[in-house]
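Asks: Structure file entry31.cif, mmCIF, C-alpha atoms, is pasted below:
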```
data_coords
loop_
_atom_site.label_atom_id
_atom_site.label_comp_id
_atom_site.auth_asym_id
_atom_site.auth_seq_id
_atom_site.Cartn_x
_atom_site.Cartn_y
_atom_site.Cartn_z
CA MET A 45 0.00 0.00 0.00
CA THR A 46 2.72 2.33 0.93
CA ASN A 47 4.44 1.54 -2.28
CA LEU A 48 1.37 2.48 -4.32
CA ILE A 49 1.07 5.80 -2.55
CA GLU A 50 4.70 6.57 -3.22
CA ARG A 51 4.31 5.76 -6.90
CA ALA A 52 1.21 7.96 -7.15
CA ASP A 53 3.14 10.81 -5.63
CA GLU A 54 5.93 10.15 -8.03
CA ILE A 55 3.51 10.22 -10.98
CA GLU A 56 1.99 13.47 -9.77
CA ARG A 57 5.42 15.03 -9.39
CA LEU A 58 6.49 13.89 -12.79
CA THR A 59 3.23 15.14 -14.29
CA ALA A 60 3.76 18.52 -12.66
CA GLU A 61 7.33 18.63 -13.96
CA HIS A 62 6.07 17.64 -17.39
CA ASP A 63 3.43 20.36 -17.35
CA ASP A 64 5.96 22.89 -16.16
CA TYR A 65 8.34 21.80 -18.87
CA VAL A 66 5.60 22.04 -21.52
CA ILE A 67 4.65 25.52 -20.31
CA ARG A 68 8.27 26.72 -20.42
CA ALA A 69 8.82 25.06 -23.79
CA ASN A 70 5.73 26.78 -25.19
CA ALA A 71 6.93 30.09 -23.80
CA ASN A 72 10.31 29.54 -25.39
CA VAL A 73 8.68 28.59 -28.68
CA CYS A 74 6.55 31.73 -28.51
CA ALA A 75 9.62 33.86 -27.81
CA LEU A 76 11.51 32.20 -30.64
CA ASN A 77 8.57 32.63 -33.01
CA LYS A 78 8.40 36.28 -32.05
CA GLU A 79 12.12 36.68 -32.64
CA ILE A 80 11.86 34.85 -35.97
CA GLY A 81 8.98 37.18 -36.97
CA GLY A 82 11.11 40.17 -36.11
CA LEU A 83 14.04 38.80 -38.04
CA ARG A 84 11.84 38.05 -41.04
CA ALA A 85 10.45 41.59 -40.97
CA GLN A 86 13.99 42.92 -40.75
CA LEU A 87 15.04 40.66 -43.61
CA LYS A 88 12.14 41.95 -45.70
CA ARG A 89 13.06 45.56 -44.95
CA THR A 90 16.66 44.80 -45.85
CA ASN A 91 15.58 43.15 -49.10
CA ASP A 92 13.33 46.09 -49.91
CA ALA A 93 16.17 48.49 -49.18
CA LEU A 94 18.51 46.43 -51.35
CA ASP A 95 15.96 46.39 -54.15
CA LYS A 96 15.60 50.14 -53.86
CA GLU A 97 19.38 50.61 -53.85
CA PHE A 98 19.66 48.26 -56.80
CA ASN A 99 17.07 50.25 -58.73
CA ASN A 100 18.80 53.47 -57.75
CA GLY A 101 22.07 51.95 -58.89
CA ILE A 102 20.58 51.04 -62.25
CA ALA A 103 19.20 54.56 -62.60
CA LEU A 104 22.57 55.99 -61.62
CA CYS A 105 24.31 53.78 -64.18
CA ALA A 106 21.91 54.99 -66.86
CA LYS A 107 22.52 58.57 -65.81
CA ILE A 108 26.28 58.01 -65.87
CA GLU A 109 26.00 56.54 -69.35
CA GLN A 110 24.01 59.59 -70.48
CA LEU A 111 26.62 61.93 -69.01
CA ARG A 112 29.43 59.94 -70.61
CA ALA A 113 27.70 60.14 -73.99
CA HIS A 114 27.18 63.86 -73.50
CA ILE A 115 30.84 64.31 -72.59
CA ASP A 116 31.86 62.34 -75.70
CA THR A 117 29.67 64.63 -77.81
CA LEU A 118 31.20 67.72 -76.21
CA VAL A 119 34.72 66.35 -76.75
CA GLN A 120 33.94 65.72 -80.42
CA GLU A 121 32.49 69.22 -80.80
CA ARG A 122 35.54 70.67 -79.05
CA ASP A 123 37.90 68.74 -81.35
CA ILE A 124 35.98 69.95 -84.42
CA GLU A 125 36.00 73.51 -83.07
CA ARG A 126 39.71 73.30 -82.29
CA LYS A 127 40.48 71.95 -85.76
CA THR A 128 38.40 74.71 -87.36
CA TYR A 129 40.14 77.31 -85.20
CA ASN A 130 43.58 75.90 -86.01
CA ASP A 131 42.78 75.79 -89.72
CA VAL A 132 41.48 79.37 -89.70
CA THR A 133 44.49 80.55 -87.67
CA ALA A 134 46.85 78.78 -90.05
CA ARG A 135 45.13 80.41 -93.04
CA HIS A 136 45.31 83.80 -91.34
CA LEU A 137 49.01 83.35 -90.61
CA LEU A 138 49.66 82.34 -94.20
CA GLU A 139 47.68 85.36 -95.43
CA ILE A 140 49.58 87.67 -93.06
CA GLU A 141 52.87 86.21 -94.25
CA ARG A 142 51.82 86.59 -97.88
CA LEU A 143 50.72 90.20 -97.31
CA HIS A 144 53.95 90.93 -95.47
CA GLU A 145 56.03 89.49 -98.31
CA ASP A 146 53.89 91.33 -100.85
CA ARG A 147 54.31 94.60 -98.98
CA THR A 148 58.07 94.06 -98.66
CA ARG A 149 58.29 93.26 -102.38
CA ARG A 150 56.19 96.31 -103.33
CA HIS A 151 58.15 98.48 -100.94
CA GLY A 152 61.45 97.37 -102.48
CA ALA A 153 60.10 97.73 -106.02
CA HIS A 154 58.78 101.21 -105.23
CA LEU A 155 62.10 102.33 -103.74
CA PHE A 156 63.96 100.94 -106.73
CA ALA A 157 61.56 102.63 -109.16
CA ALA A 158 61.65 105.94 -107.29
CA ALA A 159 65.43 105.85 -107.09
CA SER A 160 65.77 104.88 -110.73
CA ILE A 161 63.57 107.83 -111.84
CA VAL A 162 65.83 110.26 -109.99
CA GLU A 163 68.95 108.55 -111.30
CA ARG A 164 67.67 108.58 -114.87
CA LEU A 165 66.77 112.26 -114.56
CA ARG A 166 70.23 113.02 -113.15
CA ASP A 167 71.83 111.10 -116.02
CA ILE A 168 70.48 113.72 -118.43
CA PRO A 169 73.18 116.42 -118.80
CA ALA A 170 72.13 119.56 -116.96
CA ASP A 171 73.02 121.80 -119.88
CA LEU A 172 71.16 119.73 -122.49
CA CYS A 173 68.91 121.88 -124.66
CA TRP A 174 66.60 120.83 -127.46
CA THR A 175 65.64 123.19 -130.21
CA GLU A 176 61.98 123.21 -131.03
CA ASP A 177 61.23 123.75 -134.70
CA LYS A 178 57.54 124.50 -134.66
CA GLY A 179 57.15 127.94 -136.17
CA ALA A 180 59.46 130.10 -134.13
CA HIS A 181 62.62 128.41 -132.90
CA ARG A 182 62.70 127.85 -129.18
CA ASN A 183 65.30 126.26 -126.95
CA ILE A 184 63.93 123.69 -124.55
CA PRO A 185 66.17 123.34 -121.45
CA ALA A 186 65.49 119.62 -121.10
CA GLY A 187 68.46 118.98 -118.81
CA ALA A 188 67.47 121.76 -116.43
CA ILE A 189 63.87 120.56 -116.33
CA ALA A 190 65.00 116.97 -115.68
CA HIS A 191 67.24 118.05 -112.80
CA GLU A 192 64.51 120.30 -111.38
CA ALA A 193 62.13 117.31 -111.46
CA ALA A 194 64.74 115.17 -109.70
CA ASP A 195 65.12 117.88 -107.03
CA GLU A 196 61.33 118.08 -106.60
CA ILE A 197 61.00 114.30 -106.18
CA GLU A 198 63.78 114.24 -103.59
CA ARG A 199 62.28 117.26 -101.78
CA LEU A 200 58.83 115.62 -101.64
CA ARG A 201 60.32 112.31 -100.48
CA ALA A 202 62.21 114.15 -97.74
CA GLU A 203 59.01 116.00 -96.74
CA GLN A 204 56.98 112.80 -96.39
CA ALA A 205 59.86 111.18 -94.49
CA ASN A 206 60.00 114.17 -92.14
CA LEU A 207 56.24 114.01 -91.64
CA ARG A 208 56.42 110.34 -90.77
CA ALA A 209 59.43 110.94 -88.51
CA ALA A 210 57.60 113.76 -86.70
CA LEU A 211 54.56 111.53 -86.22
CA ASP A 212 56.72 108.64 -84.95
CA HIS A 213 58.47 111.03 -82.58
CA TRP A 214 55.13 112.37 -81.34
CA PHE A 215 53.80 108.80 -80.85
CA ALA A 216 56.88 107.99 -78.81
CA LEU A 217 56.71 111.14 -76.66
CA VAL A 218 52.99 111.59 -75.99
CA PRO A 219 51.18 108.76 -74.19
CA GLN A 220 47.88 107.63 -75.68
CA ALA A 221 45.88 109.21 -72.84
CA ASP A 222 47.47 112.65 -73.30
CA ARG A 223 47.13 112.94 -77.09
CA ALA A 224 43.92 114.98 -76.96
CA GLN A 225 45.59 117.41 -74.55
CA PHE A 226 48.74 117.72 -76.64
CA PRO A 227 47.59 117.30 -80.24
CA PHE A 228 50.02 116.78 -83.06
CA THR A 229 50.47 120.14 -84.75
CA GLY A 230 51.68 118.87 -88.09
CA GLN A 231 54.73 121.11 -87.84
CA VAL A 232 57.55 119.42 -89.67
CA SER A 233 60.91 120.64 -90.73
CA MET B 273 57.27 129.97 -114.76
CA THR B 274 54.85 127.08 -115.03
CA ASP B 275 54.86 124.22 -112.61
CA ILE B 276 57.48 121.52 -113.13
CA VAL B 277 54.82 118.87 -113.72
CA GLU B 278 53.24 120.93 -116.47
CA ARG B 279 56.60 121.48 -118.14
CA LEU B 280 57.45 117.79 -117.93
CA ARG B 281 54.17 116.83 -119.57
CA GLU B 282 54.66 119.46 -122.24
CA LEU B 283 58.12 118.15 -122.98
CA ALA B 284 57.26 114.47 -122.99
CA PRO B 285 55.44 113.92 -126.32
CA ASP B 286 58.35 115.12 -128.45
CA TYR B 287 61.48 114.53 -126.44
CA ASP B 288 60.83 111.94 -123.72
CA THR B 289 62.15 108.86 -125.51
CA ASP B 290 62.36 106.49 -122.52
CA GLY B 291 59.32 107.85 -120.65
CA VAL B 292 61.29 109.18 -117.68
CA MET B 293 59.70 112.64 -117.95
CA LEU B 294 56.17 111.23 -117.67
CA GLU B 295 57.24 108.91 -114.86
CA ALA B 296 58.73 111.86 -113.02
CA ALA B 297 55.55 113.91 -113.51
CA ASP B 298 53.41 111.01 -112.17
CA GLU B 299 55.72 110.50 -109.18
CA ILE B 300 55.70 114.19 -108.28
CA GLU B 301 51.90 114.36 -108.50
CA ARG B 302 51.53 111.20 -106.44
CA LEU B 303 53.87 112.44 -103.71
CA ARG B 304 52.18 115.85 -103.62
CA ALA B 305 48.71 114.27 -103.42
CA VAL B 306 49.63 111.97 -100.56
CA ILE B 307 51.32 114.72 -98.53
CA MET B 308 48.37 117.04 -99.14
CA ARG B 309 45.92 114.34 -98.06
CA ALA B 310 47.92 113.70 -94.88
CA LYS B 311 48.08 117.40 -93.99
CA ASP B 312 44.39 117.92 -94.78
CA ALA B 313 43.55 114.96 -92.58
CA LEU B 314 45.55 116.52 -89.73
CA LEU B 315 43.84 119.88 -90.19
CA ASP B 316 40.45 118.12 -90.25
CA GLY B 317 41.27 116.71 -86.82
CA GLN B 318 41.48 113.09 -87.91
CA SER B 319 43.49 110.86 -85.62
CA THR B 320 47.23 110.96 -85.96
CA GLN B 321 47.28 107.18 -86.16
CA ARG B 322 45.01 107.42 -89.21
CA VAL B 323 47.29 110.01 -90.80
CA HIS B 324 50.30 107.86 -90.05
CA ASP B 325 48.62 104.80 -91.54
CA LEU B 326 47.66 106.86 -94.58
CA LEU B 327 51.26 107.96 -95.08
CA VAL B 328 52.63 104.47 -94.65
CA ALA B 329 50.04 102.86 -96.90
CA ALA B 330 50.14 105.47 -99.65
CA LEU B 331 53.80 106.30 -99.76
CA LEU B 332 55.54 103.09 -98.80
CA GLY B 333 58.54 105.29 -98.60
CA PRO B 334 61.71 104.77 -96.60
CA LYS B 335 61.21 105.02 -92.88
CA PRO B 336 63.60 107.65 -91.47
#
```
Will you turn the file into structure tokens for me?
Replies:
Amino acid sequence: MTNLIERADEIERLTAEHDDYVIRANANVCALNKEIGGLRAQLKRTNDALDKEFNNGIALCAKIEQLRAHIDTLVQERDIERKTYNDVTARHLLEIERLHEDRTRRHGAHLFAAASIVERLRDIPADLCWTEDKGAHRNIPAGAIAHEAADEIERLRAEQANLRAALDHWFALVPQADRAQFPFTGQVS
Amino acid sequence: MTDIVERLRELAPDYDTDGVMLEAADEIERLRAVIMRAKDALLDGQSTQRVHDLLVAALLGPKP
């Protein structure tokens, strides 16, 4: 009898332990389920954020590609513009060089021609006279006229040279800002 | 006495065999015209740079 009572007590104790264990296990399962729910929600938020970042990344890549294409277009336009500019500059330099050479050639030719006129006039003897035979006889002092013409050409060349020299001197002496205050008078020697 | 240019032109048709008289007359007239234009421009108050450019362009003479 005593043995039966002991066993009943033992069964009751074990049942209580079992119930307690089941209650604690259920509580643990609930806590774990709650934690799993939280983790799942966090995982979903992370996935959503990653999806959003991914989409943003794709949009950024597209934008970068657009900018790169735009930069390529600008570079091409710049190269074309630079080539055009270089070509125009080269043509201008060639034209300037040609004009400079042309001016130098004309300048030299003019000096030679002007000098040769004076020399040819001087080569005519100063006392040379021609006799005109048209009605009344008349002596034409051709040599004197030729030398007078040579003198006049040299005088005029000296006058223009003096005028240019006076202007150059005035440019050198009077600063640009003071030229209205001290105008060039045109007085030349 | 008439002007030297007039006398040169009068002389040229009969006696100017190599054309130097006519060339001299043209040169004298050209030099006179340019100098007169430069002086007129100065009297008209045009800029001295313009007068200088005019002299250089028209005369192409030796720079002193």
Asks: Taking (55.0, 117.7, -124.3) in the file's own coordinates, collect the residues within 12 Å, counting only C-alpha atoms, and hand them back as a PyMOL selection string.
Replies: (chain A and resi 176+184+186) or (chain B and resi 277-289+291+293-294+297)
Asks: Could you check how far atom CA of Ala210 of chain A sits from atom CA of Thr320 of chain B, in Å to one decimal?
Replies: 10.8 Å
Asks: For chain B, which residue among A:Asp222, A:Glu139, A:Glu54, A:Glu198 is the nearest when counting only C-alpha atoms?
Replies: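 Using only C-alpha atoms, the shortest distance to chain B belongs to A:Glu198.
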Asks: Please check which residues have atoms at most 10 Å from (55.3, 114.5, -105.8) in the file's coordinates, counting only C-alpha atoms, and write them as a tab-separated table (two decimals) with C-alpha atoms, in the coordinates of the input.
Replies:
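Okay, this is what ended up in point16.tsv:
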```tsv
chain	number	residue	atom	x	y	z
A	193	ALA	CA	62.13	117.31	-111.46
A	196	GLU	CA	61.33	118.08	-106.60
A	197	ILE	CA	61.00	114.30	-106.18
A	198	GLU	CA	63.78	114.24	-103.59
A	199	ARG	CA	62.28	117.26	-101.78
A	200	LEU	CA	58.83	115.62	-101.64
A	201	ARG	CA	60.32	112.31	-100.48
A	203	GLU	CA	59.01	116.00	-96.74
A	204	GLN	CA	56.98	112.80	-96.39
B	277	VAL	CA	54.82	118.87	-113.72
B	296	ALA	CA	58.73	111.86	-113.02
B	297	ALA	CA	55.55	113.91	-113.51
B	298	ASP	CA	53.41	111.01	-112.17
B	299	GLU	CA	55.72	110.50	-109.18
B	300	ILE	CA	55.70	114.19	-108.28
B	301	GLU	CA	51.90	114.36	-108.50
B	302	ARG	CA	51.53	111.20	-106.44
B	303	LEU	CA	53.87	112.44	-103.71
B	304	ARG	CA	52.18	115.85	-103.62
B	305	ALA	CA	48.71	114.27	-103.42
B	306	VAL	CA	49.63	111.97	-100.56
B	307	ILE	CA	51.32	114.72	-98.53
B	308	MET	CA	48.37	117.04	-99.14
```
Asks: Could you tell me, as a compact mmCIF listing (two decimals) with C-alpha atoms, keeping the file's coordinate frame, exactly which residues end up selected when the PyMOL selection byres ((chain A and resi 185) around 10) is applied to this structure?
Replies:
```
# COMPACT_ATOMS: atom_id res chain seq x y z
CA ALA A 170 72.13 119.56 -116.96
CA ASP A 171 73.02 121.80 -119.88
CA LEU A 172 71.16 119.73 -122.49
CA CYS A 173 68.91 121.88 -124.66
CA TRP A 174 66.60 120.83 -127.46
CA THR A 175 65.64 123.19 -130.21
CA ARG A 182 62.70 127.85 -129.18
CA ASN A 183 65.30 126.26 -126.95
CA ILE A 184 63.93 123.69 -124.55
CA ALA A 186 65.49 119.62 -121.10
CA GLY A 187 68.46 118.98 -118.81
CA ALA A 188 67.47 121.76 -116.43
CA ILE A 189 63.87 120.56 -116.33
CA ALA A 190 65.00 116.97 -115.68
CA LEU B 283 58.12 118.15 -122.98
```
Asks: How many Å separate atom CA of Glu163 of chain A from atom CA of Ile276 of chain B?
Replies: 17.4 Å
Asks: What's the separation between atom CA of Thr59 of chain A and atom CA of Cys74 of chain A, in Å to one decimal place?
Replies: 22.1 Å
Asks: Should you be able to, write segment 138-151 of chain A of this structure into a file that contains C-alpha atoms, as an mmCIF file, in the first residue's frame.
Replies:
```cif
data_model
loop_
_atom_site.group_PDB
_atom_site.id
_atom_site.type_symbol
_atom_site.label_atom_id
_atom_site.label_comp_id
_atom_site.auth_asym_id
_atom_site.auth_seq_id
_atom_site.Cartn_x
_atom_site.Cartn_y
_atom_site.Cartn_z
ATOM 1 C CA LEU A 138 49.663 82.337 -94.198
ATOM 2 C CA GLU A 139 47.684 85.359 -95.432
ATOM 3 C CA ILE A 140 49.575 87.672 -93.057
ATOM 4 C CA GLU A 141 52.874 86.205 -94.246
ATOM 5 C CA ARG A 142 51.816 86.587 -97.880
ATOM 6 C CA LEU A 143 50.717 90.204 -97.313
ATOM 7 C CA HIS A 144 53.948 90.925 -95.471
ATOM 8 C CA GLU A 145 56.027 89.488 -98.308
ATOM 9 C CA ASP A 146 53.887 91.328 -100.850
ATOM 10 C CA ARG A 147 54.314 94.596 -98.978
ATOM 11 C CA THR A 148 58.069 94.056 -98.664
ATOM 12 C CA ARG A 149 58.291 93.261 -102.382
ATOM 13 C CA ARG A 150 56.187 96.315 -103.334
ATOM 14 C CA HIS A 151 58.148 98.482 -100.936
#
```
